[in-house]
Structure formats: structure tokens, C-alpha cells
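Peer 1: Hey, dropping data.txt in here, compact mmCIF, N, CA and C atoms:
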# COMPACT_ATOMS: atom_id res chain seq x y z
N GLY Q 1 -114.96 69.96 -80.21
CA GLY Q 1 -114.08 70.38 -79.14
C GLY Q 1 -112.67 69.89 -79.36
N CYS Q 2 -112.00 69.75 -78.28
CA CYS Q 2 -110.59 69.38 -78.25
C CYS Q 2 -110.36 68.02 -78.91
N GLY Q 3 -111.14 67.02 -78.53
CA GLY Q 3 -110.97 65.69 -79.09
C GLY Q 3 -111.19 65.65 -80.58
N ARG Q 4 -112.14 66.44 -81.06
CA ARG Q 4 -112.42 66.50 -82.49
C ARG Q 4 -111.22 67.03 -83.26
N LEU Q 5 -110.59 68.08 -82.74
CA LEU Q 5 -109.41 68.64 -83.41
C LEU Q 5 -108.26 67.65 -83.44
N LEU Q 6 -108.09 66.92 -82.36
CA LEU Q 6 -107.00 65.96 -82.31
C LEU Q 6 -107.23 64.81 -83.29
N LYS Q 7 -108.47 64.36 -83.43
CA LYS Q 7 -108.79 63.24 -84.31
C LYS Q 7 -108.85 63.64 -85.78
N GLU Q 8 -109.14 64.91 -86.05
CA GLU Q 8 -109.26 65.37 -87.44
C GLU Q 8 -107.98 65.11 -88.23
N ALA Q 9 -106.84 65.35 -87.61
CA ALA Q 9 -105.57 65.14 -88.31
C ALA Q 9 -105.37 63.67 -88.65
N GLU Q 10 -105.80 62.79 -87.77
CA GLU Q 10 -105.69 61.35 -88.05
C GLU Q 10 -106.61 60.93 -89.19
N ARG Q 11 -107.79 61.55 -89.26
CA ARG Q 11 -108.75 61.22 -90.32
C ARG Q 11 -108.34 61.82 -91.66
N GLU Q 12 -107.63 62.95 -91.62
CA GLU Q 12 -107.21 63.64 -92.84
C GLU Q 12 -105.70 63.81 -92.84
N PRO Q 13 -104.95 62.74 -93.07
CA PRO Q 13 -103.49 62.79 -92.91
C PRO Q 13 -102.76 63.76 -93.83
N ASP Q 14 -103.39 64.22 -94.92
CA ASP Q 14 -102.74 65.18 -95.81
C ASP Q 14 -103.15 66.62 -95.54
N ASN Q 15 -103.94 66.84 -94.52
CA ASN Q 15 -104.45 68.17 -94.20
C ASN Q 15 -103.48 68.87 -93.23
N SER Q 16 -102.62 69.73 -93.76
CA SER Q 16 -101.61 70.38 -92.92
C SER Q 16 -102.24 71.28 -91.86
N ALA Q 17 -103.36 71.90 -92.17
CA ALA Q 17 -104.03 72.76 -91.19
C ALA Q 17 -104.55 71.94 -90.01
N ALA Q 18 -105.07 70.75 -90.30
CA ALA Q 18 -105.56 69.88 -89.22
C ALA Q 18 -104.41 69.47 -88.31
N TRP Q 19 -103.25 69.17 -88.90
CA TRP Q 19 -102.09 68.81 -88.08
C TRP Q 19 -101.64 69.99 -87.24
N ALA Q 20 -101.64 71.19 -87.82
CA ALA Q 20 -101.23 72.39 -87.07
C ALA Q 20 -102.21 72.67 -85.93
N ASN Q 21 -103.50 72.58 -86.22
CA ASN Q 21 -104.51 72.81 -85.18
C ASN Q 21 -104.36 71.82 -84.03
N SER Q 22 -104.12 70.57 -84.38
CA SER Q 22 -103.97 69.57 -83.33
C SER Q 22 -102.66 69.77 -82.56
N ALA Q 23 -101.63 70.28 -83.24
CA ALA Q 23 -100.36 70.58 -82.56
C ALA Q 23 -100.56 71.68 -81.52
N VAL Q 24 -101.27 72.73 -81.90
CA VAL Q 24 -101.54 73.82 -80.98
C VAL Q 24 -102.37 73.31 -79.79
N MET Q 25 -103.33 72.44 -80.07
CA MET Q 25 -104.16 71.87 -79.00
C MET Q 25 -103.30 71.04 -78.04
N GLU Q 26 -102.40 70.23 -78.59
CA GLU Q 26 -101.50 69.44 -77.74
C GLU Q 26 -100.62 70.35 -76.89
N ALA Q 27 -100.16 71.45 -77.47
CA ALA Q 27 -99.35 72.40 -76.71
C ALA Q 27 -100.15 72.99 -75.55
N LEU Q 28 -101.40 73.34 -75.83
CA LEU Q 28 -102.26 73.87 -74.77
C LEU Q 28 -102.48 72.85 -73.65
N LEU Q 29 -102.51 71.58 -74.02
CA LEU Q 29 -102.70 70.51 -73.04
C LEU Q 29 -101.40 70.16 -72.30
N GLY Q 30 -100.29 70.77 -72.75
CA GLY Q 30 -99.00 70.54 -72.09
C GLY Q 30 -98.25 69.33 -72.62
N ASN Q 31 -98.64 68.83 -73.77
CA ASN Q 31 -98.00 67.65 -74.36
C ASN Q 31 -96.95 68.09 -75.38
N ARG Q 32 -95.80 68.51 -74.89
CA ARG Q 32 -94.75 69.12 -75.71
C ARG Q 32 -94.32 68.24 -76.89
N GLU Q 33 -93.92 67.01 -76.60
CA GLU Q 33 -93.39 66.14 -77.66
C GLU Q 33 -94.44 65.85 -78.73
N GLU Q 34 -95.66 65.59 -78.32
CA GLU Q 34 -96.73 65.31 -79.29
C GLU Q 34 -97.05 66.56 -80.10
N ALA Q 35 -97.03 67.73 -79.45
CA ALA Q 35 -97.28 68.98 -80.16
C ALA Q 35 -96.22 69.21 -81.23
N LEU Q 36 -94.97 68.99 -80.90
CA LEU Q 36 -93.89 69.19 -81.87
C LEU Q 36 -93.95 68.15 -82.99
N ARG Q 37 -94.32 66.92 -82.65
CA ARG Q 37 -94.45 65.87 -83.68
C ARG Q 37 -95.54 66.25 -84.68
N ARG Q 38 -96.68 66.70 -84.17
CA ARG Q 38 -97.78 67.09 -85.05
C ARG Q 38 -97.43 68.32 -85.88
N MET Q 39 -96.71 69.26 -85.28
CA MET Q 39 -96.32 70.46 -86.02
C MET Q 39 -95.33 70.10 -87.12
N LYS Q 40 -94.42 69.19 -86.84
CA LYS Q 40 -93.48 68.73 -87.87
C LYS Q 40 -94.24 68.10 -89.03
N ARG Q 41 -95.25 67.31 -88.72
CA ARG Q 41 -96.07 66.67 -89.76
C ARG Q 41 -96.77 67.73 -90.61
N SER Q 42 -97.29 68.76 -89.95
CA SER Q 42 -97.95 69.85 -90.67
C SER Q 42 -96.99 70.53 -91.64
N LEU Q 43 -95.80 70.83 -91.16
CA LEU Q 43 -94.80 71.49 -92.01
C LEU Q 43 -94.39 70.60 -93.18
N GLU Q 44 -94.22 69.30 -92.92
CA GLU Q 44 -93.86 68.38 -94.00
C GLU Q 44 -94.93 68.37 -95.08
N LYS Q 45 -96.20 68.34 -94.67
CA LYS Q 45 -97.30 68.34 -95.65
C LYS Q 45 -97.32 69.64 -96.44
N THR Q 46 -97.15 70.75 -95.77
CA THR Q 46 -97.17 72.06 -96.43
C THR Q 46 -96.02 72.19 -97.41
N GLU Q 47 -94.82 71.81 -96.97
CA GLU Q 47 -93.65 71.95 -97.82
C GLU Q 47 -93.65 70.95 -98.97
N SER Q 48 -94.25 69.77 -98.78
CA SER Q 48 -94.25 68.76 -99.84
C SER Q 48 -95.08 69.19 -101.05
N ILE Q 49 -96.06 70.05 -100.83
CA ILE Q 49 -96.86 70.52 -101.96
C ILE Q 49 -96.41 71.90 -102.45
N GLY Q 50 -95.36 72.45 -101.82
CA GLY Q 50 -94.82 73.73 -102.27
C GLY Q 50 -95.76 74.90 -102.03
N ASP Q 51 -96.54 74.83 -100.97
CA ASP Q 51 -97.50 75.89 -100.64
C ASP Q 51 -96.80 77.06 -99.96
N THR Q 52 -96.37 78.03 -100.77
CA THR Q 52 -95.60 79.15 -100.23
C THR Q 52 -96.44 80.15 -99.46
N TRP Q 53 -97.76 80.11 -99.61
CA TRP Q 53 -98.63 80.99 -98.83
C TRP Q 53 -98.89 80.43 -97.44
N THR Q 54 -99.12 79.14 -97.37
CA THR Q 54 -99.45 78.52 -96.09
C THR Q 54 -98.22 78.26 -95.23
N ALA Q 55 -97.08 78.04 -95.84
CA ALA Q 55 -95.87 77.71 -95.08
C ALA Q 55 -95.56 78.72 -93.97
N PRO Q 56 -95.60 80.03 -94.24
CA PRO Q 56 -95.33 80.97 -93.15
C PRO Q 56 -96.35 80.88 -92.01
N LEU Q 57 -97.60 80.59 -92.34
CA LEU Q 57 -98.62 80.44 -91.30
C LEU Q 57 -98.33 79.21 -90.45
N MET Q 58 -97.89 78.13 -91.08
CA MET Q 58 -97.54 76.93 -90.33
C MET Q 58 -96.32 77.18 -89.45
N ARG Q 59 -95.38 77.98 -89.95
CA ARG Q 59 -94.19 78.31 -89.16
C ARG Q 59 -94.58 79.20 -87.97
N MET Q 60 -95.59 80.04 -88.14
CA MET Q 60 -96.09 80.83 -87.01
C MET Q 60 -96.70 79.90 -85.96
N ASN Q 61 -97.40 78.87 -86.41
CA ASN Q 61 -97.93 77.88 -85.47
C ASN Q 61 -96.80 77.16 -84.75
N LEU Q 62 -95.73 76.83 -85.48
CA LEU Q 62 -94.57 76.20 -84.85
C LEU Q 62 -94.00 77.12 -83.77
N MET Q 63 -93.86 78.39 -84.09
CA MET Q 63 -93.35 79.36 -83.12
C MET Q 63 -94.24 79.38 -81.87
N THR Q 64 -95.54 79.35 -82.06
CA THR Q 64 -96.49 79.35 -80.95
C THR Q 64 -96.32 78.10 -80.10
N VAL Q 65 -96.24 76.94 -80.76
CA VAL Q 65 -96.06 75.68 -80.03
C VAL Q 65 -94.77 75.72 -79.22
N MET Q 66 -93.71 76.20 -79.82
CA MET Q 66 -92.43 76.28 -79.11
C MET Q 66 -92.54 77.18 -77.87
N ALA Q 67 -93.16 78.33 -78.05
CA ALA Q 67 -93.30 79.28 -76.94
C ALA Q 67 -94.18 78.69 -75.84
N TRP Q 68 -95.30 78.11 -76.21
CA TRP Q 68 -96.24 77.57 -75.21
C TRP Q 68 -95.70 76.35 -74.49
N THR Q 69 -94.74 75.66 -75.09
CA THR Q 69 -94.19 74.47 -74.44
C THR Q 69 -92.85 74.78 -73.76
N GLY Q 70 -92.52 76.06 -73.64
CA GLY Q 70 -91.36 76.46 -72.85
C GLY Q 70 -90.06 76.65 -73.61
N ASP Q 71 -90.05 76.46 -74.91
CA ASP Q 71 -88.83 76.63 -75.69
C ASP Q 71 -88.81 78.02 -76.32
N ARG Q 72 -88.68 79.00 -75.47
CA ARG Q 72 -88.77 80.40 -75.92
C ARG Q 72 -87.62 80.79 -76.84
N GLU Q 73 -86.43 80.24 -76.60
CA GLU Q 73 -85.29 80.57 -77.45
C GLU Q 73 -85.54 80.12 -78.90
N SER Q 74 -86.03 78.89 -79.06
CA SER Q 74 -86.34 78.40 -80.42
C SER Q 74 -87.48 79.20 -81.04
N ALA Q 75 -88.45 79.60 -80.21
CA ALA Q 75 -89.56 80.42 -80.71
C ALA Q 75 -89.05 81.75 -81.22
N LEU Q 76 -88.12 82.36 -80.51
CA LEU Q 76 -87.54 83.63 -80.96
C LEU Q 76 -86.73 83.46 -82.24
N GLN Q 77 -86.01 82.35 -82.35
CA GLN Q 77 -85.25 82.08 -83.58
C GLN Q 77 -86.20 81.90 -84.76
N GLU Q 78 -87.31 81.19 -84.53
CA GLU Q 78 -88.30 80.99 -85.59
C GLU Q 78 -88.92 82.32 -85.99
N CYS Q 79 -89.18 83.17 -85.01
CA CYS Q 79 -89.74 84.50 -85.27
C CYS Q 79 -88.78 85.30 -86.15
N THR Q 80 -87.51 85.24 -85.84
CA THR Q 80 -86.50 85.96 -86.63
C THR Q 80 -86.50 85.46 -88.08
N LYS Q 81 -86.58 84.13 -88.25
CA LYS Q 81 -86.62 83.56 -89.60
C LYS Q 81 -87.85 84.07 -90.36
N LEU Q 82 -88.99 84.08 -89.67
CA LEU Q 82 -90.22 84.53 -90.32
C LEU Q 82 -90.13 85.99 -90.73
N LEU Q 83 -89.57 86.82 -89.87
CA LEU Q 83 -89.47 88.24 -90.19
C LEU Q 83 -88.53 88.50 -91.36
N ASN Q 84 -87.62 87.58 -91.60
CA ASN Q 84 -86.66 87.73 -92.70
C ASN Q 84 -87.04 86.96 -93.95
N THR Q 85 -88.23 86.38 -93.96
CA THR Q 85 -88.70 85.62 -95.11
C THR Q 85 -89.75 86.45 -95.88
N PRO Q 86 -89.44 86.80 -97.12
CA PRO Q 86 -90.42 87.57 -97.89
C PRO Q 86 -91.65 86.74 -98.22
N MET Q 87 -92.78 87.36 -98.18
CA MET Q 87 -94.02 86.70 -98.58
C MET Q 87 -94.08 86.61 -100.10
N PRO Q 88 -94.67 85.56 -100.63
CA PRO Q 88 -94.78 85.44 -102.09
C PRO Q 88 -95.69 86.51 -102.66
N ARG Q 89 -95.41 86.89 -103.87
CA ARG Q 89 -96.24 87.89 -104.56
C ARG Q 89 -97.43 87.22 -105.23
N THR Q 90 -98.49 87.97 -105.36
CA THR Q 90 -99.68 87.43 -106.04
C THR Q 90 -99.61 87.69 -107.51
Give the structure from the file, written as C-alpha cells.

Peer 2:
Amino acid sequence: GCGRLLKEAEREPDNSAAWANSAVMEALLGNREEALRRMKRSLEKTESIGDTWTAPLMRMNLMTVMAWTGDRESALQECTKLLNTPMPRT
């Protein structure tokens, strides 16, 4: 459940997906600052390994966290960035 998702990121500090999942959960719980902190951690992990496939997905999670925590303007700006970012080729 909810607690498991929140603890997974702590148990797996290099798992960017776990940090993103816990960020979304924190946003759903109304914990804006913690959600943004966890999302930032997720993005740092994704970008540090140069994962160009996962990075846009993490940025979509960031956009969701921003929207759900009331920062709609930043969410729209993030959406614009995503729409203007080409996906990597296979």
C-alpha cells in the first residue's frame, strides 16, 4: 500500500522509479514539499545515469506532482518543455 511505496525509495536510494512513485503518493496525501523533494531526487537519479528514455517519464511525474499540489502554472510550463523535447531514437 501507501506506506510500502513511501518506504521503498528509502530502501532503494538509487531507484528513480521508487522516488517518483513515492513523490506521487506524497502529492496525493497533500504533502507538497515532500512530494517535490522526492521528485527532485528521482530526477537527479535519472539524469545522473543519463537515462534518456526514463527522463521524460520522470518529468511527466513532476508535472503531475506540480498539478496535484496546486502549482498549475509550473505544471503547464513543464508540459510545454516535454512537448518540445524529442524522444530518443532506438

Peer 1: Quick one: of Q:Ala17, Q:Ala23, Q:Leu36, Q:Ala67, who's nearest to Q:Asp51, counting only C-alpha atoms?

Peer 2: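 Answer, going by the shortest atom-to-atom distance: Q:Ala17.
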
Peer 1: Which is closer to Q:Pro56 than all the others in Q:Ala75, Q:Ala20, Q:Leu82, Q:Leu28, using only N, CA and C atoms?

Peer 2: Q:Leu82

Peer 1: So the first atom is atom N of Q:Cys79 and the second is atom N of Q:Glu10; what is the distance between them in Å, to one decimal place?

Peer 2: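 That distance, rounded to one decimal, is 26.4 Å.
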
Peer 1: Looking at Q:Asp71, Q:Asp14, Q:Glu26, Q:Glu78, which one is nearest to Q:Thr46, with distances taken over only C-alpha atoms?

Peer 2: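 Ranking Q:Asp71, Q:Asp14, Q:Glu26, Q:Glu78 by distance to Q:Thr46, first place goes to Q:Asp14.
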
Peer 1: In Å, with one decimal, what is the gap from atom CA of Q:Met25 to atom CA of Q:Pro86?

Peer 2: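 Pair atom CA of Q:Met25 / atom CA of Q:Pro86 returns 28.1 Å.
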
Peer 1: List as a list in words the protein and nucleic acid residues near stretch 33-35 of chain Q, meaning an atom at most 8 Å away when only C-alpha atoms are counted, but skip any in the same chain fewer than 2 places from it.

Peer 2: Ser22, Ala23, Val24, Met25, Glu26, Ala27, Asn31, Arg37, Arg38, Met39 and Val65 of chain Q

Peer 1: Quick one: write out the picked residues with N, CA and C atoms as a compact mmCIF listing (two decimals), keeping the file's coordinate frame?

Peer 2:
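This is the output file again_8.txt:
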# COMPACT_ATOMS: atom_id res chain seq x y z
N SER Q 22 -104.12 70.57 -84.38
CA SER Q 22 -103.97 69.57 -83.33
C SER Q 22 -102.66 69.77 -82.56
N ALA Q 23 -101.63 70.28 -83.24
CA ALA Q 23 -100.36 70.58 -82.56
C ALA Q 23 -100.56 71.68 -81.52
N VAL Q 24 -101.27 72.73 -81.90
CA VAL Q 24 -101.54 73.82 -80.98
C VAL Q 24 -102.37 73.31 -79.79
N MET Q 25 -103.33 72.44 -80.07
CA MET Q 25 -104.16 71.87 -79.00
C MET Q 25 -103.30 71.04 -78.04
N GLU Q 26 -102.40 70.23 -78.59
CA GLU Q 26 -101.50 69.44 -77.74
C GLU Q 26 -100.62 70.35 -76.89
N ALA Q 27 -100.16 71.45 -77.47
CA ALA Q 27 -99.35 72.40 -76.71
C ALA Q 27 -100.15 72.99 -75.55
N ASN Q 31 -98.64 68.83 -73.77
CA ASN Q 31 -98.00 67.65 -74.36
C ASN Q 31 -96.95 68.09 -75.38
N ARG Q 37 -94.32 66.92 -82.65
CA ARG Q 37 -94.45 65.87 -83.68
C ARG Q 37 -95.54 66.25 -84.68
N ARG Q 38 -96.68 66.70 -84.17
CA ARG Q 38 -97.78 67.09 -85.05
C ARG Q 38 -97.43 68.32 -85.88
N MET Q 39 -96.71 69.26 -85.28
CA MET Q 39 -96.32 70.46 -86.02
C MET Q 39 -95.33 70.10 -87.12
N VAL Q 65 -96.24 76.94 -80.76
CA VAL Q 65 -96.06 75.68 -80.03
C VAL Q 65 -94.77 75.72 -79.22

Peer 1: For Q:Leu76, which residue among Q:Ala18, Q:Met58, Q:Leu43, Q:Met63 is the nearest when counting all atoms listed in the file?

Peer 2: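 Looking at the shortest contact to Q:Leu76, the residue is Q:Met63.
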
Peer 1: Report the distance between atom C of Q:Glu47 and atom CA of Q:Leu29 in Å, rounded to one decimal place.

Peer 2: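 Interatomic distance here is 27.5 Å.
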
Peer 1: From the set Q:Ser74, Q:Glu12, Q:Leu62, Q:Gly3, which residue has the shortest atom-to-atom contact distance to Q:Lys40, counting all atoms listed in the file?

Peer 2: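 Nearest to Q:Lys40: Q:Leu62.
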
Peer 1: Any chance you could list, as a ChimeraX atom specification, the residues in stretch 40-90 of chain Q that come up helix (DSSP H, G or I) when DSSP is run on the backbone?

Peer 2: /Q:40-48,54-68,72-83

Peer 1: Any chance you could export the current selection's N, CA and C atoms as a JSON list (two decimals), in the frame of the given file?

Peer 2:
[["chain", "number", "residue", "atom", "x", "y", "z"],
["Q", 40, "LYS", "N", -94.42, 69.19, -86.84],
["Q", 40, "LYS", "CA", -93.48, 68.73, -87.87],
["Q", 40, "LYS", "C", -94.24, 68.10, -89.03],
["Q", 41, "ARG", "N", -95.25, 67.31, -88.72],
["Q", 41, "ARG", "CA", -96.07, 66.67, -89.76],
["Q", 41, "ARG", "C", -96.77, 67.73, -90.61],
["Q", 42, "SER", "N", -97.29, 68.76, -89.95],
["Q", 42, "SER", "CA", -97.95, 69.85, -90.67],
["Q", 42, "SER", "C", -96.99, 70.53, -91.64],
["Q", 43, "LEU", "N", -95.80, 70.83, -91.16],
["Q", 43, "LEU", "CA", -94.80, 71.49, -92.01],
["Q", 43, "LEU", "C", -94.39, 70.60, -93.18],
["Q", 44, "GLU", "N", -94.22, 69.30, -92.92],
["Q", 44, "GLU", "CA", -93.86, 68.38, -94.00],
["Q", 44, "GLU", "C", -94.93, 68.37, -95.08],
["Q", 45, "LYS", "N", -96.20, 68.34, -94.67],
["Q", 45, "LYS", "CA", -97.30, 68.34, -95.65],
["Q", 45, "LYS", "C", -97.32, 69.64, -96.44],
["Q", 46, "THR", "N", -97.15, 70.75, -95.77],
["Q", 46, "THR", "CA", -97.17, 72.06, -96.43],
["Q", 46, "THR", "C", -96.02, 72.19, -97.41],
["Q", 47, "GLU", "N", -94.82, 71.81, -96.97],
["Q", 47, "GLU", "CA", -93.65, 71.95, -97.82],
["Q", 47, "GLU", "C", -93.65, 70.95, -98.97],
["Q", 48, "SER", "N", -94.25, 69.77, -98.78],
["Q", 48, "SER", "CA", -94.25, 68.76, -99.84],
["Q", 48, "SER", "C", -95.08, 69.19, -101.05],
["Q", 54, "THR", "N", -99.12, 79.14, -97.37],
["Q", 54, "THR", "CA", -99.45, 78.52, -96.09],
["Q", 54, "THR", "C", -98.22, 78.26, -95.23],
["Q", 55, "ALA", "N", -97.08, 78.04, -95.84],
["Q", 55, "ALA", "CA", -95.87, 77.71, -95.08],
["Q", 55, "ALA", "C", -95.56, 78.72, -93.97],
["Q", 56, "PRO", "N", -95.60, 80.03, -94.24],
["Q", 56, "PRO", "CA", -95.33, 80.97, -93.15],
["Q", 56, "PRO", "C", -96.35, 80.88, -92.01],
["Q", 57, "LEU", "N", -97.60, 80.59, -92.34],
["Q", 57, "LEU", "CA", -98.62, 80.44, -91.30],
["Q", 57, "LEU", "C", -98.33, 79.21, -90.45],
["Q", 58, "MET", "N", -97.89, 78.13, -91.08],
["Q", 58, "MET", "CA", -97.54, 76.93, -90.33],
["Q", 58, "MET", "C", -96.32, 77.18, -89.45],
["Q", 59, "ARG", "N", -95.38, 77.98, -89.95],
["Q", 59, "ARG", "CA", -94.19, 78.31, -89.16],
["Q", 59, "ARG", "C", -94.58, 79.20, -87.97],
["Q", 60, "MET", "N", -95.59, 80.04, -88.14],
["Q", 60, "MET", "CA", -96.09, 80.83, -87.01],
["Q", 60, "MET", "C", -96.70, 79.90, -85.96],
["Q", 61, "ASN", "N", -97.40, 78.87, -86.41],
["Q", 61, "ASN", "CA", -97.93, 77.88, -85.47],
["Q", 61, "ASN", "C", -96.80, 77.16, -84.75],
["Q", 62, "LEU", "N", -95.73, 76.83, -85.48],
["Q", 62, "LEU", "CA", -94.57, 76.20, -84.85],
["Q", 62, "LEU", "C", -94.00, 77.12, -83.77],
["Q", 63, "MET", "N", -93.86, 78.39, -84.09],
["Q", 63, "MET", "CA", -93.35, 79.36, -83.12],
["Q", 63, "MET", "C", -94.24, 79.38, -81.87],
["Q", 64, "THR", "N", -95.54, 79.35, -82.06],
["Q", 64, "THR", "CA", -96.49, 79.35, -80.95],
["Q", 64, "THR", "C", -96.32, 78.10, -80.10],
["Q", 65, "VAL", "N", -96.24, 76.94, -80.76],
["Q", 65, "VAL", "CA", -96.06, 75.68, -80.03],
["Q", 65, "VAL", "C", -94.77, 75.72, -79.22],
["Q", 66, "MET", "N", -93.71, 76.20, -79.82],
["Q", 66, "MET", "CA", -92.43, 76.28, -79.11],
["Q", 66, "MET", "C", -92.54, 77.18, -77.87],
["Q", 67, "ALA", "N", -93.16, 78.33, -78.05],
["Q", 67, "ALA", "CA", -93.30, 79.28, -76.94],
["Q", 67, "ALA", "C", -94.18, 78.69, -75.84],
["Q", 68, "TRP", "N", -95.30, 78.11, -76.21],
["Q", 68, "TRP", "CA", -96.24, 77.57, -75.21],
["Q", 68, "TRP", "C", -95.70, 76.35, -74.49],
["Q", 72, "ARG", "N", -88.68, 79.00, -75.47],
["Q", 72, "ARG", "CA", -88.77, 80.40, -75.92],
["Q", 72, "ARG", "C", -87.62, 80.79, -76.84],
["Q", 73, "GLU", "N", -86.43, 80.24, -76.60],
["Q", 73, "GLU", "CA", -85.29, 80.57, -77.45],
["Q", 73, "GLU", "C", -85.54, 80.12, -78.90],
["Q", 74, "SER", "N", -86.03, 78.89, -79.06],
["Q", 74, "SER", "CA", -86.34, 78.40, -80.42],
["Q", 74, "SER", "C", -87.48, 79.20, -81.04],
["Q", 75, "ALA", "N", -88.45, 79.60, -80.21],
["Q", 75, "ALA", "CA", -89.56, 80.42, -80.71],
["Q", 75, "ALA", "C", -89.05, 81.75, -81.22],
["Q", 76, "LEU", "N", -88.12, 82.36, -80.51],
["Q", 76, "LEU", "CA", -87.54, 83.63, -80.96],
["Q", 76, "LEU", "C", -86.73, 83.46, -82.24],
["Q", 77, "GLN", "N", -86.01, 82.35, -82.35],
["Q", 77, "GLN", "CA", -85.25, 82.08, -83.58],
["Q", 77, "GLN", "C", -86.20, 81.90, -84.76],
["Q", 78, "GLU", "N", -87.31, 81.19, -84.53],
["Q", 78, "GLU", "CA", -88.30, 80.99, -85.59],
["Q", 78, "GLU", "C", -88.92, 82.32, -85.99],
["Q", 79, "CYS", "N", -89.18, 83.17, -85.01],
["Q", 79, "CYS", "CA", -89.74, 84.50, -85.27],
["Q", 79, "CYS", "C", -88.78, 85.30, -86.15],
["Q", 80, "THR", "N", -87.51, 85.24, -85.84],
["Q", 80, "THR", "CA", -86.50, 85.96, -86.63],
["Q", 80, "THR", "C", -86.50, 85.46, -88.08],
["Q", 81, "LYS", "N", -86.58, 84.13, -88.25],
["Q", 81, "LYS", "CA", -86.62, 83.56, -89.60],
["Q", 81, "LYS", "C", -87.85, 84.07, -90.36],
["Q", 82, "LEU", "N", -88.99, 84.08, -89.67],
["Q", 82, "LEU", "CA", -90.22, 84.53, -90.32],
["Q", 82, "LEU", "C", -90.13, 85.99, -90.73],
["Q", 83, "LEU", "N", -89.57, 86.82, -89.87],
["Q", 83, "LEU", "CA", -89.47, 88.24, -90.19],
["Q", 83, "LEU", "C", -88.53, 88.50, -91.36]]

Peer 1: Restricting the calculation to all atoms listed in the file, which member of Q:Trp68, Q:Pro13, Q:Glu73, Q:Met87 is positioned closest to Q:Trp53?

Peer 2: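 Result for the nearest residue to Q:Trp53: Q:Met87.
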
Peer 1: Rebuild stretch 7-12 of chain Q to all heavy atoms - output it as a compact mmCIF listing (two decimals), in the coordinates of the input, please.

Peer 2:
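As written to disk, selection-v3.txt reads:
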# COMPACT_ATOMS: atom_id res chain seq x y z
N LYS Q 7 -108.47 64.36 -83.43
CA LYS Q 7 -108.79 63.24 -84.31
C LYS Q 7 -108.85 63.64 -85.78
O LYS Q 7 -108.64 62.81 -86.66
CB LYS Q 7 -110.11 62.61 -83.89
CG LYS Q 7 -110.01 61.90 -82.56
CD LYS Q 7 -111.35 61.37 -82.12
CE LYS Q 7 -111.22 60.76 -80.73
NZ LYS Q 7 -112.51 60.43 -80.16
N GLU Q 8 -109.14 64.91 -86.05
CA GLU Q 8 -109.26 65.37 -87.44
C GLU Q 8 -107.98 65.11 -88.23
O GLU Q 8 -108.02 64.70 -89.39
CB GLU Q 8 -109.63 66.85 -87.48
CG GLU Q 8 -109.89 67.36 -88.87
CD GLU Q 8 -110.30 68.83 -88.87
OE1 GLU Q 8 -110.49 69.42 -87.80
OE2 GLU Q 8 -110.42 69.38 -89.97
N ALA Q 9 -106.84 65.35 -87.61
CA ALA Q 9 -105.57 65.14 -88.31
C ALA Q 9 -105.37 63.67 -88.65
O ALA Q 9 -104.86 63.35 -89.72
CB ALA Q 9 -104.41 65.63 -87.44
N GLU Q 10 -105.80 62.79 -87.77
CA GLU Q 10 -105.69 61.35 -88.05
C GLU Q 10 -106.61 60.93 -89.19
O GLU Q 10 -106.25 60.08 -90.00
CB GLU Q 10 -106.01 60.55 -86.79
CG GLU Q 10 -105.16 60.89 -85.58
CD GLU Q 10 -103.68 60.58 -85.76
OE1 GLU Q 10 -103.33 59.71 -86.57
OE2 GLU Q 10 -102.87 61.24 -85.09
N ARG Q 11 -107.79 61.55 -89.26
CA ARG Q 11 -108.75 61.22 -90.32
C ARG Q 11 -108.34 61.82 -91.66
O ARG Q 11 -108.70 61.31 -92.72
CB ARG Q 11 -110.15 61.74 -89.96
CG ARG Q 11 -110.87 60.92 -88.94
CD ARG Q 11 -112.35 61.31 -88.85
NE ARG Q 11 -112.59 62.74 -88.84
CZ ARG Q 11 -112.71 63.49 -87.74
NH1 ARG Q 11 -112.60 62.94 -86.56
NH2 ARG Q 11 -112.94 64.78 -87.84
N GLU Q 12 -107.63 62.95 -91.62
CA GLU Q 12 -107.21 63.64 -92.84
C GLU Q 12 -105.70 63.81 -92.84
O GLU Q 12 -105.19 64.91 -92.62
CB GLU Q 12 -107.89 65.01 -92.92
CG GLU Q 12 -109.40 64.94 -92.98
CD GLU Q 12 -110.02 66.32 -93.06
OE1 GLU Q 12 -109.49 67.15 -93.83
OE2 GLU Q 12 -111.01 66.56 -92.37
